[in-house]
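*Asks:* Before we start, here is the structure in question, set down as structure tokens.
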Amino acid sequence: MAFPHPHEQRPSRQRAPPSGAGSRPESWWHADHTGPRAGPVAAVIRSLGVRHHGADNLVTDGLYLDLRHALRNPASDAMRYRSGLDPDVYAHVLATPGALHLINRTAVQLRALADEIPVGRLVRLTVACQGGRHRSVAAEAIGRLVGQAWGGAYGVEFEYHHIDHPVLPAAG
């Protein structure tokens with residue numbers, strides 16, 4: 001199953017952090033990609049880079065998916081300085097062998113968790129990679145599957161915490 005890049009179908013809607021949300025980096029942005037038919041938000045998927053200062057404070061409740069060894073990171077300079085929201089980088093990351101299986105499995109787990117919590121409560125998934133710019137946007141594909149499975153009854157929102165931070169040097 002191929003996952004079209006979500007921004008080819010509709011633009012993201014950027015919002016400021018909610019008041020009282022604590023200190024968030026200025027680069028934090030929130031996008032809702034579930035479309036106009038989506039009902040109330042039932043899931044929040046956040047992407048982050050584990051090598052950034054304070055990233056561990058962003059991990060709260062819910063599921064945690066570490067993609068540092070599971071998905072391919074763009075190595076070419078042509079893609080390295082772009083983010084996973086770029087259609088070429090998105091396609092490159094999702095072309096990693098096993099990526100679609102991992103995405104499908106995680107979407108099933110997120111839906112199963114959502115089925116177990118009371119209506120009105122949010123289920124959360126944190127998707128992590130080294131820098132939060134490339135691989136962690138597999139969150140988009142997971143969220144699309146969950147939103148489609150809900151058939152518009154519930155929405156999925158995304159938080160990108162490090163997507164516009166500078167590219168990190170190689171870990172030594």
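Following the order of the structure tokens, chains are lettered A, B, ..., residues in each are numbered from 1, and ligands are numbered from 1.
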Mind checking DSSP for region 34-143 of chain A and telling me the strand (DSSP E) residues as a VMD selection string?
*Replies:* chain A and resid 41 to 49 63 to 66 123 to 129
*Asks:* Quick one: everything within 12 Å of Leu102 (chain A), counting only C-alpha atoms, minus sequence neighbours fewer than 4 positions away in the same chain. Send it as a list in words.
*Replies:*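 In the requested format, the answer is Leu65, Asp66, Leu67, Ala70, Leu71, Leu94, Ala95, Thr96, Pro97, Gly98, Thr106, Ala107, Val108, Gln109, Val127, Ala138, Ala139, Ala141 and Ile142 of chain A.
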*Asks:* Can I get the selected residues back with C-alpha atoms, as a CSV table (one decimal), in the first residue's frame?
*Replies:*
chain,number,residue,atom,x,y,z
A,65,LEU,CA,7.8,4.4,18.5
A,66,ASP,CA,11.6,4.8,18.1
A,67,LEU,CA,12.5,4.8,14.4
A,70,ALA,CA,13.8,1.0,11.8
A,71,LEU,CA,13.6,3.5,8.9
A,94,LEU,CA,8.6,5.2,3.5
A,95,ALA,CA,10.5,3.2,0.9
A,96,THR,CA,12.6,1.6,3.6
A,97,PRO,CA,12.0,-2.2,3.6
A,98,GLY,CA,9.5,-3.0,6.3
A,106,THR,CA,1.5,0.9,14.8
A,107,ALA,CA,-1.8,2.2,13.4
A,108,VAL,CA,-3.5,-1.0,14.6
A,109,GLN,CA,-1.9,-0.6,18.1
A,127,VAL,CA,7.3,9.0,17.1
A,138,ALA,CA,6.1,8.4,9.4
A,139,ALA,CA,3.7,9.7,12.0
A,141,ALA,CA,1.2,7.8,7.5
A,142,ILE,CA,0.2,6.3,10.8
*Asks:* May I ask which of the residues A:Ala153, A:Asp56, A:Val119, A:Gly49 is the closest one to Pro166 (chain A), counting only C-alpha atoms?
*Replies:* A:Gly49
*Asks:* Counting only C-alpha atoms, what is within 10 Å of Met79 (chain A), bar same-chain residues fewer than 2 positions away, as an MDAnalysis selection string?
*Replies:* chainID A and resid 73:77 81:84 86 88:90 92 134
*Asks:* Between A:Ala128, A:Leu122, A:Ala78, A:Leu168, which has the minimum distance to Val44 (chain A) (counting only C-alpha atoms)?
*Replies:*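 Comparing A:Ala128, A:Leu122, A:Ala78, A:Leu168 against Val44 (chain A), the winner is A:Leu122.
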*Asks:* Looking at only C-alpha atoms, which of A:Ala170, A:Ala42, A:Ile163, A:Leu125 is the one that sits closest to Val137 (chain A)?
*Replies:*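 Going through A:Ala170, A:Ala42, A:Ile163, A:Leu125 one by one, the smallest distance to Val137 (chain A) is for A:Ile163.
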*Asks:* Which neighbours of Pro40 (chain A) fall inside 12 Å, counting only C-alpha atoms, when residues of the same chain fewer than 6 positions from it are skipped, and could you give them as a compact mmCIF listing (two decimals) with N, CA and C atoms, in the first residue's frame?
*Replies:*
# COMPACT_ATOMS: atom_id res chain seq x y z
N ASP A 32 -3.40 19.78 11.71
CA ASP A 32 -4.49 18.81 11.68
C ASP A 32 -4.63 18.35 10.24
N THR A 34 -6.64 15.69 9.20
CA THR A 34 -7.71 14.71 9.08
C THR A 34 -8.84 15.18 8.18
N VAL A 119 -14.44 7.75 25.99
CA VAL A 119 -14.72 8.75 24.96
C VAL A 119 -14.43 10.12 25.55
N GLY A 120 -13.79 10.95 24.76
CA GLY A 120 -13.43 12.29 25.22
C GLY A 120 -12.00 12.40 25.70
N ARG A 121 -11.34 11.28 25.95
CA ARG A 121 -9.92 11.29 26.35
C ARG A 121 -9.08 11.10 25.11
N LEU A 122 -7.88 11.66 25.11
CA LEU A 122 -6.98 11.55 23.97
C LEU A 122 -6.04 10.36 24.12
N GLY A 147 -7.03 7.80 10.92
CA GLY A 147 -8.13 8.68 10.54
C GLY A 147 -9.06 8.04 9.52
N TRP A 150 -11.26 5.42 11.17
CA TRP A 150 -12.34 6.03 11.94
C TRP A 150 -13.41 6.62 11.04
N GLY A 152 -13.78 9.42 9.63
CA GLY A 152 -14.18 10.80 9.89
C GLY A 152 -14.90 11.02 11.20
N ALA A 153 -15.18 9.94 11.93
CA ALA A 153 -15.87 10.10 13.22
C ALA A 153 -15.00 10.80 14.24
N TYR A 154 -13.67 10.60 14.15
CA TYR A 154 -12.72 11.21 15.06
C TYR A 154 -11.55 11.76 14.27
N GLY A 155 -10.87 12.73 14.83
CA GLY A 155 -9.73 13.34 14.16
C GLY A 155 -8.41 12.95 14.78
N VAL A 156 -7.35 13.19 14.01
CA VAL A 156 -5.98 12.95 14.46
C VAL A 156 -5.23 14.26 14.28
N GLU A 157 -4.52 14.68 15.31
CA GLU A 157 -3.69 15.88 15.20
C GLU A 157 -2.23 15.51 15.36
